[in-house]
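Undergrad: Sharing entry.txt (compact mmCIF, C-alpha atoms (C1' of nucleotides)) below.
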```txt
# COMPACT_ATOMS: atom_id res chain seq x y z
CA MET A 1 -24.58 8.31 12.51
CA VAL A 2 -25.15 4.81 11.20
CA GLU A 3 -21.75 3.17 11.51
CA LEU A 4 -21.46 1.77 15.00
CA HIS A 5 -17.69 1.24 15.12
CA ALA A 6 -16.37 2.90 11.97
CA PRO A 7 -13.78 0.70 10.23
CA PRO A 8 -10.24 2.16 10.23
CA LEU A 9 -9.38 4.17 7.14
CA GLY A 10 -5.90 2.72 6.60
CA PRO A 11 -6.96 -0.78 5.49
CA ILE A 12 -9.85 0.66 3.47
CA PHE A 13 -7.67 3.00 1.43
CA HIS A 14 -5.03 0.31 1.11
CA ALA A 15 -7.60 -2.13 -0.28
CA LEU A 16 -8.74 0.52 -2.76
CA SER A 17 -5.19 1.32 -3.90
CA ASP A 18 -4.97 -1.79 -6.11
CA SER A 19 -6.65 -1.70 -9.51
CA THR A 20 -7.40 -5.44 -9.51
CA ARG A 21 -9.32 -5.03 -6.29
CA ARG A 22 -11.14 -1.95 -7.59
CA ARG A 23 -12.26 -3.93 -10.63
CA MET A 24 -13.46 -6.72 -8.38
CA LEU A 25 -15.52 -4.23 -6.39
CA LEU A 26 -17.02 -2.94 -9.62
CA GLU A 27 -17.95 -6.49 -10.53
CA LEU A 28 -19.53 -6.97 -7.11
CA ALA A 29 -21.64 -3.87 -7.73
CA SER A 30 -23.62 -6.04 -10.15
CA GLY A 31 -24.33 -8.64 -7.51
CA GLU A 32 -23.00 -11.62 -5.61
CA ARG A 33 -19.96 -13.39 -7.08
CA THR A 34 -17.93 -16.45 -6.15
CA VAL A 35 -14.16 -16.33 -5.71
CA GLY A 36 -13.74 -18.11 -9.02
CA GLN A 37 -16.04 -15.68 -10.81
CA LEU A 38 -14.12 -12.73 -9.38
CA ALA A 39 -10.79 -14.25 -10.43
CA GLN A 40 -11.87 -15.17 -13.97
CA PRO A 41 -11.34 -11.77 -15.73
CA PHE A 42 -7.74 -11.55 -14.51
CA SER A 43 -4.67 -13.43 -15.60
CA ILE A 44 -3.70 -14.33 -12.07
CA SER A 45 -3.91 -17.56 -10.12
CA LEU A 46 -6.90 -18.40 -7.98
CA ALA A 47 -4.66 -18.17 -4.92
CA ALA A 48 -3.71 -14.60 -5.81
CA ALA A 49 -7.37 -13.66 -6.26
CA SER A 50 -8.14 -15.31 -2.95
CA LYS A 51 -5.55 -13.06 -1.30
CA HIS A 52 -7.04 -9.94 -2.89
CA ILE A 53 -10.46 -10.93 -1.63
CA LYS A 54 -9.08 -11.51 1.84
CA VAL A 55 -7.59 -8.01 1.84
CA MET A 56 -10.96 -6.50 0.98
CA GLU A 57 -12.76 -8.77 3.41
CA SER A 58 -10.55 -7.76 6.32
CA ALA A 59 -11.06 -4.10 5.36
CA GLY A 60 -14.79 -4.77 5.68
CA LEU A 61 -15.52 -4.10 2.02
CA ILE A 62 -16.69 -7.63 1.30
CA GLN A 63 -18.75 -10.15 3.17
CA ARG A 64 -18.41 -13.81 2.44
CA GLU A 65 -20.96 -16.57 2.69
CA VAL A 66 -19.90 -20.18 2.21
CA ARG A 67 -22.58 -22.26 0.49
CA GLY A 68 -21.40 -25.76 -0.21
CA ARG A 69 -17.98 -25.66 -1.79
CA ALA A 70 -18.41 -22.15 -3.22
CA HIS A 71 -17.64 -18.92 -1.39
CA PHE A 72 -20.07 -16.15 -2.33
CA CYS A 73 -18.89 -12.57 -1.90
CA ARG A 74 -21.03 -9.50 -1.72
CA LEU A 75 -20.24 -5.83 -1.39
CA ASP A 76 -20.47 -4.16 2.00
CA PRO A 77 -20.75 -0.44 1.29
CA GLY A 78 -20.11 0.66 4.89
CA PRO A 79 -16.35 1.26 4.57
CA LEU A 80 -16.86 2.97 1.22
CA GLU A 81 -19.23 5.35 2.92
CA THR A 82 -16.67 5.93 5.67
CA ALA A 83 -14.00 6.79 3.09
CA HIS A 84 -16.45 9.00 1.21
CA GLU A 85 -17.28 10.90 4.38
CA TRP A 86 -13.60 11.34 5.20
CA LEU A 87 -12.99 12.84 1.76
CA SER A 88 -16.03 15.10 2.11
CA PHE A 89 -14.15 17.07 4.73
CA TYR A 90 -11.95 18.40 1.92
CA GLU A 91 -14.87 19.14 -0.37
CA ARG A 92 -14.73 22.86 0.43
CA PHE A 93 -11.25 22.98 -1.11
CA TRP A 94 -12.21 21.80 -4.55
CA THR A 95 -15.49 23.70 -4.58
CA ALA A 96 -13.56 26.80 -3.51
CA ARG A 97 -11.18 26.23 -6.38
CA LEU A 98 -14.12 26.04 -8.78
CA ASP A 99 -15.49 29.27 -7.31
CA VAL A 100 -12.17 31.00 -8.02
CA LEU A 101 -12.13 29.65 -11.56
CA ASP A 102 -15.70 30.81 -12.02
CA ARG A 103 -14.87 34.27 -10.73
CA LEU A 104 -11.85 34.53 -13.03
CA LEU A 105 -13.89 33.50 -16.06
CA ARG A 106 -16.62 35.95 -15.13
CA GLU A 107 -14.12 38.80 -14.73
CA GLU A 108 -12.49 37.98 -18.04
CA ASP A 109 -15.92 38.00 -19.63
CA GLU A 110 -16.72 41.40 -18.16
CA GLN A 111 -13.41 42.84 -19.37
CA LYS A 112 -14.02 41.40 -22.82
CA SER A 113 -17.38 43.16 -23.18
CA ALA A 114 -16.18 46.36 -21.47
CA THR A 115 -12.95 46.90 -23.46
CA PRO A 116 -13.33 45.17 -26.86
CA LYS A 117 -9.57 44.66 -27.31
CA PRO A 118 -8.99 41.87 -29.94
CA THR A 119 -6.00 40.22 -28.14
CA PRO A 120 -6.46 40.47 -24.38
CA ASN A 121 -3.36 40.14 -22.21
CA GLN A 122 -2.55 36.47 -21.53
CA GLY A 123 -1.21 37.19 -18.03
CA ASP A 124 1.97 35.72 -16.62
CA GLU A 125 1.21 32.20 -17.86
CA THR A 126 3.87 30.37 -20.00
CA MET B 1 -15.62 17.98 -16.29
CA VAL B 2 -12.91 20.03 -14.67
CA GLU B 3 -10.02 17.58 -14.39
CA LEU B 4 -8.11 17.63 -17.65
CA HIS B 5 -6.14 14.42 -17.19
CA ALA B 6 -7.58 12.81 -14.07
CA PRO B 7 -4.79 11.53 -11.80
CA PRO B 8 -4.69 7.72 -11.46
CA LEU B 9 -6.54 6.38 -8.46
CA GLY B 10 -3.90 3.87 -7.35
CA PRO B 11 -1.29 6.39 -6.13
CA ILE B 12 -4.02 8.55 -4.60
CA PHE B 13 -5.52 5.78 -2.49
CA HIS B 14 -2.05 4.53 -1.63
CA ALA B 15 -1.07 7.99 -0.38
CA LEU B 16 -4.23 8.13 1.72
CA SER B 17 -3.68 4.68 3.23
CA ASP B 18 -1.05 5.95 5.68
CA SER B 19 -2.24 7.70 8.84
CA THR B 20 0.85 9.93 9.06
CA ARG B 21 0.12 11.23 5.59
CA ARG B 22 -3.57 11.73 6.38
CA ARG B 23 -2.61 13.80 9.42
CA MET B 24 -0.29 15.87 7.26
CA LEU B 25 -3.12 16.53 4.83
CA LEU B 26 -5.30 17.62 7.72
CA GLU B 27 -2.58 20.02 8.79
CA LEU B 28 -2.35 21.36 5.24
CA ALA B 29 -6.08 22.05 5.34
CA SER B 30 -5.22 24.92 7.67
CA GLY B 31 -2.82 26.43 5.16
CA GLU B 32 0.67 26.31 3.72
CA ARG B 33 3.29 24.39 5.72
CA THR B 34 6.99 23.75 5.29
CA VAL B 35 8.45 20.25 5.33
CA GLY B 36 9.83 20.86 8.80
CA GLN B 37 6.48 22.08 10.08
CA LEU B 38 4.76 19.02 8.66
CA ALA B 39 7.34 16.71 10.24
CA GLN B 40 7.30 18.36 13.66
CA PRO B 41 4.21 16.64 15.20
CA PHE B 42 5.60 13.19 14.45
CA SER B 43 8.43 11.29 16.10
CA ILE B 44 10.07 10.49 12.79
CA SER B 45 13.16 11.83 11.09
CA LEU B 46 13.00 14.70 8.64
CA ALA B 47 14.06 12.31 5.90
CA ALA B 48 11.08 10.05 6.62
CA ALA B 49 8.71 13.02 6.52
CA SER B 50 10.32 14.12 3.28
CA LYS B 51 9.52 10.71 1.78
CA HIS B 52 5.90 10.92 2.92
CA ILE B 53 5.59 14.32 1.32
CA LYS B 54 7.10 13.04 -1.89
CA VAL B 55 4.53 10.23 -1.99
CA MET B 56 1.69 12.74 -1.70
CA GLU B 57 3.34 15.11 -4.14
CA SER B 58 3.68 12.44 -6.82
CA ALA B 59 0.05 11.47 -6.24
CA GLY B 60 -0.81 15.10 -6.97
CA LEU B 61 -2.17 15.80 -3.50
CA ILE B 62 0.47 18.37 -2.64
CA GLN B 63 2.18 21.13 -4.54
CA ARG B 64 5.55 22.42 -3.47
CA GLU B 65 7.06 25.85 -3.79
CA VAL B 66 10.70 26.40 -2.87
CA ARG B 67 11.31 29.80 -1.33
CA GLY B 68 14.87 30.20 -0.13
CA ARG B 69 15.92 27.17 1.83
CA ALA B 70 12.36 26.30 2.88
CA HIS B 71 9.97 24.12 0.85
CA PHE B 72 6.37 25.27 1.23
CA CYS B 73 3.66 22.68 0.66
CA ARG B 74 0.04 23.33 -0.05
CA LEU B 75 -2.93 21.07 -0.58
CA ASP B 76 -4.10 20.30 -4.10
CA PRO B 77 -7.68 19.06 -3.75
CA GLY B 78 -7.96 17.72 -7.31
CA PRO B 79 -7.04 14.10 -6.57
CA LEU B 80 -9.22 14.13 -3.46
CA GLU B 81 -12.14 15.14 -5.65
CA THR B 82 -11.26 12.35 -8.08
CA ALA B 83 -11.31 9.79 -5.27
CA HIS B 84 -14.53 11.26 -3.90
CA GLU B 85 -16.18 10.95 -7.29
CA TRP B 86 -15.01 7.37 -7.66
CA LEU B 87 -16.54 6.48 -4.31
CA SER B 88 -19.77 8.27 -5.23
CA PHE B 89 -20.47 5.54 -7.75
CA TYR B 90 -21.14 3.23 -4.80
CA GLU B 91 -23.28 5.77 -2.97
CA ARG B 92 -26.47 4.04 -4.08
CA PHE B 93 -25.41 0.96 -2.11
CA TRP B 94 -25.18 2.60 1.26
CA THR B 95 -28.23 4.78 0.70
CA ALA B 96 -30.12 1.68 -0.46
CA ARG B 97 -29.05 -0.06 2.71
CA LEU B 98 -30.43 2.85 4.72
CA ASP B 99 -33.66 2.70 2.73
CA VAL B 100 -34.04 -0.99 3.58
CA LEU B 101 -33.39 -0.28 7.23
CA ASP B 102 -35.89 2.53 7.11
CA ARG B 103 -38.48 0.33 5.43
CA LEU B 104 -37.97 -2.43 7.99
CA LEU B 105 -38.35 -0.03 10.87
CA ARG B 106 -41.45 1.47 9.27
CA GLU B 107 -43.03 -1.94 8.67
CA GLU B 108 -42.28 -3.04 12.18
CA ASP B 109 -43.88 0.14 13.40
CA GLU B 110 -46.99 -0.42 11.27
CA GLN B 111 -47.31 -4.03 12.35
CA LYS B 112 -46.92 -3.00 15.96
CA SER B 113 -49.85 -0.60 15.71
CA ALA B 114 -51.99 -2.77 13.35
CA THR B 115 -51.65 -6.24 14.93
CA PRO B 116 -50.40 -5.90 18.48
CA LYS B 117 -48.79 -9.36 18.34
CA PRO B 118 -45.77 -9.44 20.68
CA THR B 119 -43.58 -11.70 18.42
CA PRO B 120 -44.30 -11.11 14.72
CA ASN B 121 -43.15 -13.73 12.15
CA GLN B 122 -39.48 -13.31 11.31
CA GLY B 123 -39.89 -14.46 7.68
CA ASP B 124 -37.57 -16.88 5.89
CA GLU B 125 -34.42 -15.11 7.05
CA THR B 126 -31.86 -17.12 9.13
C1' DA C 1 -15.74 -45.06 -2.95
C1' DG C 2 -13.31 -42.34 -6.44
C1' DG C 3 -12.85 -38.31 -9.09
C1' DT C 4 -13.53 -33.66 -9.90
C1' DC C 5 -14.51 -28.94 -8.56
C1' DA C 6 -13.85 -24.66 -5.52
C1' DT C 7 -10.97 -22.82 -2.53
C1' DT C 8 -7.45 -22.19 1.01
C1' DC C 9 -2.87 -22.90 2.86
C1' DA C 10 2.17 -22.91 3.11
C1' DA C 11 6.40 -21.88 1.24
C1' DC C 12 8.89 -19.16 -1.57
C1' DC C 13 10.36 -14.93 -4.42
C1' DA C 14 11.27 -10.18 -6.05
C1' DA C 15 9.69 -5.65 -5.29
C1' DC C 16 8.14 -2.13 -2.41
C1' DC C 17 7.35 0.45 2.13
C1' DG C 18 8.39 3.04 6.14
C1' DG C 19 11.94 3.86 8.85
C1' DT C 20 16.92 4.95 10.08
C1' DT C 21 21.68 7.21 9.60
C1' DG C 22 25.22 9.93 7.52
C1' DA C 23 26.81 12.78 3.85
C1' DC C 24 25.71 16.54 0.92
C1' DT C 25 23.76 21.11 -1.16
C1' DT C 26 21.89 25.39 -0.64
C1' DT C 27 20.49 29.38 1.88
C1' DC C 28 20.30 32.39 5.69
C1' DT C 29 22.65 34.87 9.43
C1' DA C 30 26.07 36.51 13.04
C1' DT D 1 33.20 34.18 5.77
C1' DA D 2 32.06 30.51 9.07
C1' DG D 3 28.53 28.17 10.87
C1' DA D 4 23.80 26.90 11.46
C1' DA D 5 19.36 25.63 9.30
C1' DA D 6 16.27 23.30 5.84
C1' DG D 7 15.97 19.61 2.95
C1' DT D 8 17.32 15.96 -0.16
C1' DC D 9 19.85 11.84 -1.36
C1' DA D 10 21.85 7.26 -1.02
C1' DA D 11 22.45 3.20 1.40
C1' DC D 12 20.74 0.12 4.40
C1' DC D 13 17.19 -2.76 7.25
C1' DG D 14 13.12 -5.54 8.58
C1' DG D 15 8.36 -6.15 7.37
C1' DT D 16 4.75 -6.29 3.89
C1' DT D 17 2.87 -6.96 -0.78
C1' DG D 18 1.50 -9.30 -4.90
C1' DG D 19 2.60 -12.96 -7.31
C1' DT D 20 3.82 -17.99 -8.08
C1' DT D 21 3.57 -23.25 -7.29
C1' DG D 22 2.15 -27.47 -5.12
C1' DA D 23 -0.22 -29.78 -1.54
C1' DA D 24 -4.37 -30.08 1.35
C1' DT D 25 -9.36 -29.63 2.52
C1' DG D 26 -14.15 -30.12 1.69
C1' DA D 27 -18.25 -30.67 -1.14
C1' DC D 28 -20.53 -32.45 -5.14
C1' DC D 29 -21.26 -36.19 -8.64
C1' DT D 30 -21.53 -40.83 -10.55
```
Represent the structure contained in this file as structure tokens.

TA:
Amino acid sequence: MVELHAPPLGPIFHALSDSTRRRMLLELASGERTVGQLAQPFSISLAAASKHIKVMESAGLIQREVRGRAHFCRLDPGPLETAHEWLSFYERFWTARLDVLDRLLREEDEQKSATPKPTPNQGDET
Amino acid sequence: MVELHAPPLGPIFHALSDSTRRRMLLELASGERTVGQLAQPFSISLAAASKHIKVMESAGLIQREVRGRAHFCRLDPGPLETAHEWLSFYERFWTARLDVLDRLLREEDEQKSATPKPTPNQGDET
DNA sequence: AGGTCATTCAACCAACCGGTTGACTTTCTA
DNA sequence: TAGAAAGTCAACCGGTTGGTTGAATGACCT
């Protein structure tokens, strides 16, 4: 375990629930950005962008360094890892679903080669 | 690609941002549950639980089947996989961070055995 | 020193969120 | 068939959210 005091999931998922913030994170994946640089692609005021950044900062997703009059933000991947790990618990459900799909396709394939009927039964779907 | 029309991330992350809903999902990991069963562990009204369930349902996390007067809910892992995949994009950041930590520890270790200086130079960091 | 640049702060607004209560519909059961 | 049980719905409430504007705070530039 690397995270010493794992950040709470609520604020992390809440920060990620807004598309503006997700796009800002994507931008930060390319490197350090100032508040103004992060705000520039959006048609919102600087104050609104500042609020978005504060939401991510208090969720631990962003770290800020003030150099002169500019505030430089950089990505902190820790909370993203925390969220990723939380989701991994449910991984067995979607892999299981894929296994079922795989099994169904395989069975259909076997039936197709065993009984060469031109229009196989569609099942109860529709 | 398995998801035909990937569910939007906003509603998914929003659904996950509430701890009551996350606990309900955990409960659903053990199998099908009715609305009443999902509400029971919490000190909230049935109507409030019903709203939570509707939030998850419209995010695609839950599927409902009405049998008689009971509504049975079961987990749909698709949106969880979508969120997991989205987060995986940032995986390189936390693994990179671990690599750096690893490298630092390794270097410190090498220096300790090569030049047994008690206080090695800290570099230009600070 | 004065002006401009980068950013936050405070106040305000409409919309949404999580919760309640009470009325209602549908289904099961005695 | 009357009542209880399982849920939803609509209305309401206080708090939060995402946005705005205008003023304030520092830091850089000339």

Undergrad: What would the list of residues within 12 Å of (-21.1, 4.0, 3.9) (file frame) look like as a ChimeraX atom specification, if all atoms listed in the file are what count?

TA: /A:1-4,6-7,12,60-61,75-86 /B:87-98

Undergrad: Take the selection from the previous step and output its residues with C-alpha atoms, as a CSV table (one decimal), in the coordinates of the input.

TA:
```csv
chain,number,residue,atom,x,y,z
A,1,MET,CA,-24.6,8.3,12.5
A,2,VAL,CA,-25.2,4.8,11.2
A,3,GLU,CA,-21.8,3.2,11.5
A,4,LEU,CA,-21.5,1.8,15.0
A,6,ALA,CA,-16.4,2.9,12.0
A,7,PRO,CA,-13.8,0.7,10.2
A,12,ILE,CA,-9.8,0.7,3.5
A,60,GLY,CA,-14.8,-4.8,5.7
A,61,LEU,CA,-15.5,-4.1,2.0
A,75,LEU,CA,-20.2,-5.8,-1.4
A,76,ASP,CA,-20.5,-4.2,2.0
A,77,PRO,CA,-20.8,-0.4,1.3
A,78,GLY,CA,-20.1,0.7,4.9
A,79,PRO,CA,-16.4,1.3,4.6
A,80,LEU,CA,-16.9,3.0,1.2
A,81,GLU,CA,-19.2,5.4,2.9
A,82,THR,CA,-16.7,5.9,5.7
A,83,ALA,CA,-14.0,6.8,3.1
A,84,HIS,CA,-16.4,9.0,1.2
A,85,GLU,CA,-17.3,10.9,4.4
A,86,TRP,CA,-13.6,11.3,5.2
B,87,LEU,CA,-16.5,6.5,-4.3
B,88,SER,CA,-19.8,8.3,-5.2
B,89,PHE,CA,-20.5,5.5,-7.8
B,90,TYR,CA,-21.1,3.2,-4.8
B,91,GLU,CA,-23.3,5.8,-3.0
B,92,ARG,CA,-26.5,4.0,-4.1
B,93,PHE,CA,-25.4,1.0,-2.1
B,94,TRP,CA,-25.2,2.6,1.3
B,95,THR,CA,-28.2,4.8,0.7
B,96,ALA,CA,-30.1,1.7,-0.5
B,97,ARG,CA,-29.0,-0.1,2.7
B,98,LEU,CA,-30.4,2.8,4.7
```

Undergrad: In Å to one decimal, how far is atom C1' of C:DT21 from atom CA of B:Ser45?

TA: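 Straight-line distance from atom CA of B:Ser45 to atom C1' of C:DT21 works out to 9.8 Å.
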
Undergrad: So, counting all atoms listed in the file, which residue among A:Ile62, A:Lys51, A:Glu57, A:Leu101 is closest to chain C?

TA: A:Lys51

Undergrad: Mind giving me the straight-line distance from atom CA of B:Phe72 to atom CA of B:Val35 in Å, one decimal?

TA: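 We find that atom CA of B:Phe72 and atom CA of B:Val35 lie 6.8 Å from each other.
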
Undergrad: Distance limit 9 Å, atoms considered: all atoms listed in the file. Which chain B residues sit that close to chain C? Return them as a PyMOL selection string.

TA: chain B and resi 44-45+47-48+51-52+68-70

Undergrad: In Å, rounded to a single decimal, give me how far atom CA of A:Glu65 is from atom C1' of D:DT21.

TA: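 Separation of atom C1' of D:DT21 and atom CA of A:Glu65: 27.3 Å.
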
Undergrad: Once 4 Å is added on each side, what are the centre and the three edge lengths, in Å to one decimal, of the axis-aligned box enclosing the listed atoms of stretch 24-43 of chain B? Present them as JSON.

TA:
```
{"center_x": 1.9, "center_y": 18.9, "center_z": 9.9, "size_x": 23.9, "size_y": 23.1, "size_z": 20.4}
```

Undergrad: Can you work out which residues from chain D touch chain B at a cut-off of 8 Å (counting only C-alpha atoms (C1' of nucleotides)) and hand them back as a list in words?

TA: DA6, DG7 and DT8 of chain D

Undergrad: Reconstruct N, CA and C atoms of stretch 2-26 of chain A; output as a PDB file, keeping the file's coordinate frame.

TA:
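Dumped everything to out21.pdb:
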```pdb
ATOM      1  N   VAL A   2     -24.677   6.176  11.375  1.00  0.00           N
ATOM      2  CA  VAL A   2     -25.150   4.810  11.200  1.00  0.00           C
ATOM      3  C   VAL A   2     -24.084   3.805  11.591  1.00  0.00           C
ATOM      4  N   GLU A   3     -22.839   4.086  11.177  1.00  0.00           N
ATOM      5  CA  GLU A   3     -21.750   3.170  11.510  1.00  0.00           C
ATOM      6  C   GLU A   3     -21.561   3.108  13.016  1.00  0.00           C
ATOM      7  N   LEU A   4     -21.632   1.906  13.570  1.00  0.00           N
ATOM      8  CA  LEU A   4     -21.460   1.770  15.000  1.00  0.00           C
ATOM      9  C   LEU A   4     -20.000   1.951  15.400  1.00  0.00           C
ATOM     10  N   HIS A   5     -19.116   1.129  14.823  1.00  0.00           N
ATOM     11  CA  HIS A   5     -17.690   1.240  15.120  1.00  0.00           C
ATOM     12  C   HIS A   5     -16.975   1.377  13.780  1.00  0.00           C
ATOM     13  N   ALA A   6     -16.881   2.609  13.308  1.00  0.00           N
ATOM     14  CA  ALA A   6     -16.370   2.900  11.970  1.00  0.00           C
ATOM     15  C   ALA A   6     -15.054   2.164  11.704  1.00  0.00           C
ATOM     16  N   PRO A   7     -14.995   1.447  10.581  1.00  0.00           N
ATOM     17  CA  PRO A   7     -13.780   0.700  10.230  1.00  0.00           C
ATOM     18  C   PRO A   7     -12.625   1.675  10.013  1.00  0.00           C
ATOM     19  N   PRO A   8     -11.397   1.270  10.370  1.00  0.00           N
ATOM     20  CA  PRO A   8     -10.240   2.160  10.230  1.00  0.00           C
ATOM     21  C   PRO A   8      -9.963   2.474   8.761  1.00  0.00           C
ATOM     22  N   LEU A   9      -9.578   3.708   8.515  1.00  0.00           N
ATOM     23  CA  LEU A   9      -9.380   4.170   7.140  1.00  0.00           C
ATOM     24  C   LEU A   9      -8.195   3.521   6.454  1.00  0.00           C
ATOM     25  N   GLY A  10      -7.123   3.255   7.205  1.00  0.00           N
ATOM     26  CA  GLY A  10      -5.900   2.720   6.600  1.00  0.00           C
ATOM     27  C   GLY A  10      -6.167   1.506   5.727  1.00  0.00           C
ATOM     28  N   PRO A  11      -6.686   0.420   6.292  1.00  0.00           N
ATOM     29  CA  PRO A  11      -6.960  -0.780   5.490  1.00  0.00           C
ATOM     30  C   PRO A  11      -7.937  -0.537   4.355  1.00  0.00           C
ATOM     31  N   ILE A  12      -8.887   0.364   4.545  1.00  0.00           N
ATOM     32  CA  ILE A  12      -9.850   0.660   3.470  1.00  0.00           C
ATOM     33  C   ILE A  12      -9.127   1.269   2.279  1.00  0.00           C
ATOM     34  N   PHE A  13      -8.376   2.342   2.529  1.00  0.00           N
ATOM     35  CA  PHE A  13      -7.670   3.000   1.430  1.00  0.00           C
ATOM     36  C   PHE A  13      -6.626   2.061   0.820  1.00  0.00           C
ATOM     37  N   HIS A  14      -6.003   1.262   1.673  1.00  0.00           N
ATOM     38  CA  HIS A  14      -5.030   0.310   1.110  1.00  0.00           C
ATOM     39  C   HIS A  14      -5.717  -0.685   0.176  1.00  0.00           C
ATOM     40  N   ALA A  15      -6.868  -1.188   0.586  1.00  0.00           N
ATOM     41  CA  ALA A  15      -7.600  -2.130  -0.280  1.00  0.00           C
ATOM     42  C   ALA A  15      -7.968  -1.465  -1.598  1.00  0.00           C
ATOM     43  N   LEU A  16      -8.313  -0.188  -1.549  1.00  0.00           N
ATOM     44  CA  LEU A  16      -8.740   0.520  -2.760  1.00  0.00           C
ATOM     45  C   LEU A  16      -7.567   0.927  -3.652  1.00  0.00           C
ATOM     46  N   SER A  17      -6.340   0.814  -3.146  1.00  0.00           N
ATOM     47  CA  SER A  17      -5.190   1.320  -3.900  1.00  0.00           C
ATOM     48  C   SER A  17      -4.783   0.378  -5.033  1.00  0.00           C
ATOM     49  N   ASP A  18      -5.346  -0.823  -5.064  1.00  0.00           N
ATOM     50  CA  ASP A  18      -4.970  -1.790  -6.110  1.00  0.00           C
ATOM     51  C   ASP A  18      -6.067  -1.869  -7.173  1.00  0.00           C
ATOM     52  N   SER A  19      -5.657  -1.773  -8.433  1.00  0.00           N
ATOM     53  CA  SER A  19      -6.650  -1.700  -9.510  1.00  0.00           C
ATOM     54  C   SER A  19      -7.386  -3.030  -9.684  1.00  0.00           C
ATOM     55  N   THR A  20      -6.708  -4.145  -9.437  1.00  0.00           N
ATOM     56  CA  THR A  20      -7.400  -5.440  -9.510  1.00  0.00           C
ATOM     57  C   THR A  20      -8.554  -5.481  -8.518  1.00  0.00           C
ATOM     58  N   ARG A  21      -8.264  -5.011  -7.305  1.00  0.00           N
ATOM     59  CA  ARG A  21      -9.320  -5.030  -6.290  1.00  0.00           C
ATOM     60  C   ARG A  21     -10.441  -4.053  -6.645  1.00  0.00           C
ATOM     61  N   ARG A  22     -10.077  -2.901  -7.206  1.00  0.00           N
ATOM     62  CA  ARG A  22     -11.140  -1.950  -7.590  1.00  0.00           C
ATOM     63  C   ARG A  22     -12.040  -2.557  -8.670  1.00  0.00           C
ATOM     64  N   ARG A  23     -11.428  -3.302  -9.602  1.00  0.00           N
ATOM     65  CA  ARG A  23     -12.260  -3.930 -10.630  1.00  0.00           C
ATOM     66  C   ARG A  23     -13.140  -5.016 -10.048  1.00  0.00           C
ATOM     67  N   MET A  24     -12.629  -5.712  -9.042  1.00  0.00           N
ATOM     68  CA  MET A  24     -13.460  -6.720  -8.380  1.00  0.00           C
ATOM     69  C   MET A  24     -14.655  -6.066  -7.688  1.00  0.00           C
ATOM     70  N   LEU A  25     -14.414  -4.933  -7.057  1.00  0.00           N
ATOM     71  CA  LEU A  25     -15.520  -4.230  -6.390  1.00  0.00           C
ATOM     72  C   LEU A  25     -16.576  -3.813  -7.407  1.00  0.00           C
ATOM     73  N   LEU A  26     -16.090  -3.341  -8.568  1.00  0.00           N
ATOM     74  CA  LEU A  26     -17.020  -2.940  -9.620  1.00  0.00           C
ATOM     75  C   LEU A  26     -17.866  -4.130 -10.056  1.00  0.00           C
TER      76      LEU A  26
END
```
